[in-house]
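Shown next, in structure tokens, is the structure this report addresses.
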Amino acid sequence: MADIIAIEFSNEVLRLIDQRVLPGKLEYFECRNYRDVEFAIKDMVVRGAPAIGATAGYGAYLAAKELMQKHPSDRKTFLVEMDAALNFLNNSRPTAVNLMWAIAKMRHALEDHKDDAADLLLERLRALADTILNEDIETNHRMAEHGNTVIPKGATILTHCNTGALATAGYGTALGVIREAHNTGKNIFVYADETRPRNQGSRLTSWELMQEGIPSKLIVDSTAATLIRDGKIDVILVGADRVAGNGDAANKIGTFMLSVVAKVYGVPFYVVAPTTTIDFDIKSGKEIVIEERSAEEVTHIEGVAIAPEGMDVYNPAFDVTPHENITGIVTEKGILKAPYTEAIRKLAEER
Ligand code: MRU
């Protein structure tokens with residue numbers, strides 16, 4: 001089947017699959033300026049850590065194009081307004097570090113070439129945004145190959161949230177490993193958590209699994225513990241939005257709970273994440289900002305109330321899995337094992 005292209009930039013327009021309306025409709029959301037990009041990230045038209053990063057790269061380029069047109073002969077004002085635009089994009093979601101990583105890369109390129117002719121500067125920024133997108137696809141393939149080495153033939157795999165082609169520039173992180181295992185004839189079976197409250201598992205992962213013809217079943221999140229206890233799961237694969245220096249990993253709410261059950265019953269629990277998801281600046285998961293989203297995500301489904309009006313809600317979008325619950329962190333550079341502080345320090349030195 002044709003590859004799923006969730007992010008595409010052509011004719012100066014960023015075209016995103018609108019993940020808010022899948023699987024019912026396959027529609028595209030067009031971003032013509034950086035404000036559209038900020039909205040698309042915040043409202044989760046596009047979501048998933050690497051996909052957010054790649055999208056933000058184009059947001060920075062669109063900002064530079066617009067502000068350069070506004071101040072063609074005033075580079076100082078251009079740079080001041082660019083700084084504000086980059087901060088605006090940077091704040092669109094707080095947890096996925098790929099967003100901050102991509103914006104920092106674009107910011108450095110801007111600083112390094114701030115005196116270039118306008119055309120050349122814009123060309124460089126556009127090329128860098130393309131590189132961020134293309135490198136993520138390559139990275140995913142390399143992670144998938146490393147991750148596939150820990151998947152036994154005939155394995156039943158449990159996964160959470162959506163970590164596939166929709167959550168990245170293509171192929172996926174945890175779902176990339178699942179794709180690879182399936183494509184290499186391992187005869188795998190997948191249980192996909194529905195992933196309340198935004199249902200990335202039922203709406204997006206199920207859609208990708210069906211597109212690929214990967215044998216699978218959808219479960220409600222609370223079924224996972226029973227399957228694990230009953231010996232029905234051989235391995236758990238999840239993605240991450242930010243990995244701290246000690247290996248603690250933030251991912252979609254519910255991941256931590258899965259890791260606890262997996263540890264009790266001795267089921268291998270792997271985090272699959274590119275090195276762009278590692279925050280080398282923080283020591284532990286305690287430093288990760290966890291996004292809290294609107295009450296409506298919990299009290300309503302498709303606009304229909306499923307809770308009494310006025311009920312208070314606590315809706316953190318992510319949780320942190322402590323490093324001691326993680327069997328390995330699959331990156332494009334290989335599988336990191338405990339002690340993670342050492343493994344991640346080595347990666348930092350190689351950068
Ligand atoms: O809120 P979301 O849908 O952006 O959360 C996404 C996840 O938690 C993914 O598991 C994570 O970004 C890794 S995806 C490659």
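Chain identifiers are assigned as A, B, and so on, following the order in which chains appear in the structure tokens; residues are numbered from 1 within each chain, and ligands are numbered from 1 in order of appearance.
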
Residues of segment 204-251 of chain A that have any atom at most 8 Å from an atom of segment 155-169 of chain A: could you tabulate them with the shortest-distance atom pair and the distance in Å to one decimal, using only C-alpha atoms, ordered by chain and increasing number, as CSV?
residue,atom,partner,partner_atom,distance
A:Leu204,CA,A:Asn162,CA,6.1
A:Thr205,CA,A:Asn162,CA,5.1
A:Glu208,CA,A:Gly164,CA,7.3
A:Ala224,CA,A:Leu158,CA,7.9
A:Lys232,CA,A:Thr156,CA,7.0
A:Ile233,CA,A:Thr156,CA,5.3
A:Asp234,CA,A:Thr156,CA,5.4
A:Val235,CA,A:Ile157,CA,5.1
A:Ile236,CA,A:Leu158,CA,4.8
A:Leu237,CA,A:Thr159,CA,5.3
A:Val238,CA,A:Thr159,CA,5.7
A:Gly239,CA,A:Thr163,CA,6.0

Exercise. Taking the DSSP assignment computed from this structure's backbone, write out as a PyMOL selection string all residues of segment 103-311 of chain A that belong to strand (DSSP E).
Key: chain A and resi 156-159+189-193+216-219+235-238+242-243+249-252+269-272+300-301+304-305

Exercise. List all protein, DNA and RNA residues that have at least one atom no more than 8 Å from any atom of ligand 1, counting only C-alpha atoms and all ligand atoms, and write them as a PyMOL selection string.
Key: chain A and resi 44+46-52+96+160-164+167-168+172-174+198+200+238-241+250-253+272-273+317-318

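Using only C-alpha atoms, the shortest contact distance between Arg75 of chain A and any of A:His113, A:His323, A:Arg32, A:Arg124 is found at A:His113.
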
Practice problem: Can you list, as a ChimeraX atom specification, all residues belonging to segment 198-276 of chain A that DSSP tags as helix (DSSP H, G or I)? | Solution: /A:200-212,221-229,255-264,275-276

Quiz item: When distances are computed from only C-alpha atoms, which of A:His108, A:Lys186, A:Arg126, A:Lys76 shows the smallest separation from Pro152 of chain A?
Solution: A:Lys186

Quiz prompt | Nearest to Ile282 of chain A, chosen from A:Leu218, A:Val97, A:Leu120, A:Ala127, with only C-alpha atoms counted in the distances | solution = A:Val97

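Closest to Glu111 of chain A among A:Glu123, A:Leu79, A:Leu258, A:Ala85 is A:Leu79, based on only C-alpha atoms.
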
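When only C-alpha atoms are used to compute distances to Ala104 of chain A, the closest of the residues A:Ala56, A:Asp3, A:Asn134, A:Asn187 turns out to be A:Ala56.
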
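Look at Gly53 of chain A: the protein and nucleic acid residues within 8 Å of it, using only C-alpha atoms and passing over chain neighbours fewer than 3 places away, are A:Ala49, A:Pro50, A:Ala56, A:Gly57, A:Asn98, A:Leu99, A:Met100, A:Trp101, A:Ala102, A:Ile103, A:Ile132.
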